[in-house]
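*Asks:* Just passing along the structure, written as structure tokens.
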Amino acid sequence: MDRDSHSEDTLSTMVLENIKNKLIDAFRVTGESRADLQDSGSTVRPVSVGRSYQANEELRRAQIDGAITWLRSELLEMRSQDLQLAQTLLGLNTEIQRLRRESFGCVEVEGGNHQ
């Protein structure tokens, strides 16, 4: 089960990194488009705009990183719940098998008494 867990971790990490990169690219394109529009028709302080853009970009990255961290924690919690559920189901299956064996054992003993 450890090998499966490791594979799931690797896959989850790859998926989350892919999402992160797509979000960063999407925000970068949106931010660059705005910056291009401002640069093309504006004589407003370029240093101020550049700093503002950089601050917004850092804020977006921090928000994306926060969202990814939250997703990771949710996935880990779900995985923990899955493992608990699997253990419960295995325990129930074991108990059902034990009860079946006991039930069949009683039937055989009773059947042997009547012969």
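Just so we're on the same page: first chain in the structure tokens is A, next is B, and so on; residues restart at 1 for each chain, and ligands are numbered from 1 in the order they show up.
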Name all residues at most 9 Å from region 14-20 of chain A (count only C-alpha atoms; drop same-chain ones fewer than 4 positions away) and give them as a ChimeraX atom specification.
*Replies:* /A:9-10,24-25,64-65,68,71-72
*Asks:* Provide the CA of Thr69 (chain A) to CA of His6 (chain A) distance in Å, to one decimal place.
*Replies:*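 Distance reported for this atom pair: 18.4 Å.
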*Asks:* Between A:Ser12, A:Asp4, A:Ile96, A:Ser52, which residue has the minimum interatomic distance to Glu74 (chain A), considering only C-alpha atoms?
*Replies:*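 Using only C-alpha atoms, the shortest distance to Glu74 (chain A) belongs to A:Ser12.
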*Asks:* Quick check, in Å to one decimal: how far apart do CA of Lys22 (chain A) and CA of Ser80 (chain A) lie?
*Replies:*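 Atom-to-atom, CA of Lys22 (chain A) and CA of Ser80 (chain A) are spaced 27.8 Å apart.
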*Asks:* Find the distance between CA of Gln54 (chain A) and CA of Ala26 (chain A) and write it in Å to one decimal.
*Replies:*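 Computed distance, CA of Gln54 (chain A) to CA of Ala26 (chain A), equals 15.5 Å.
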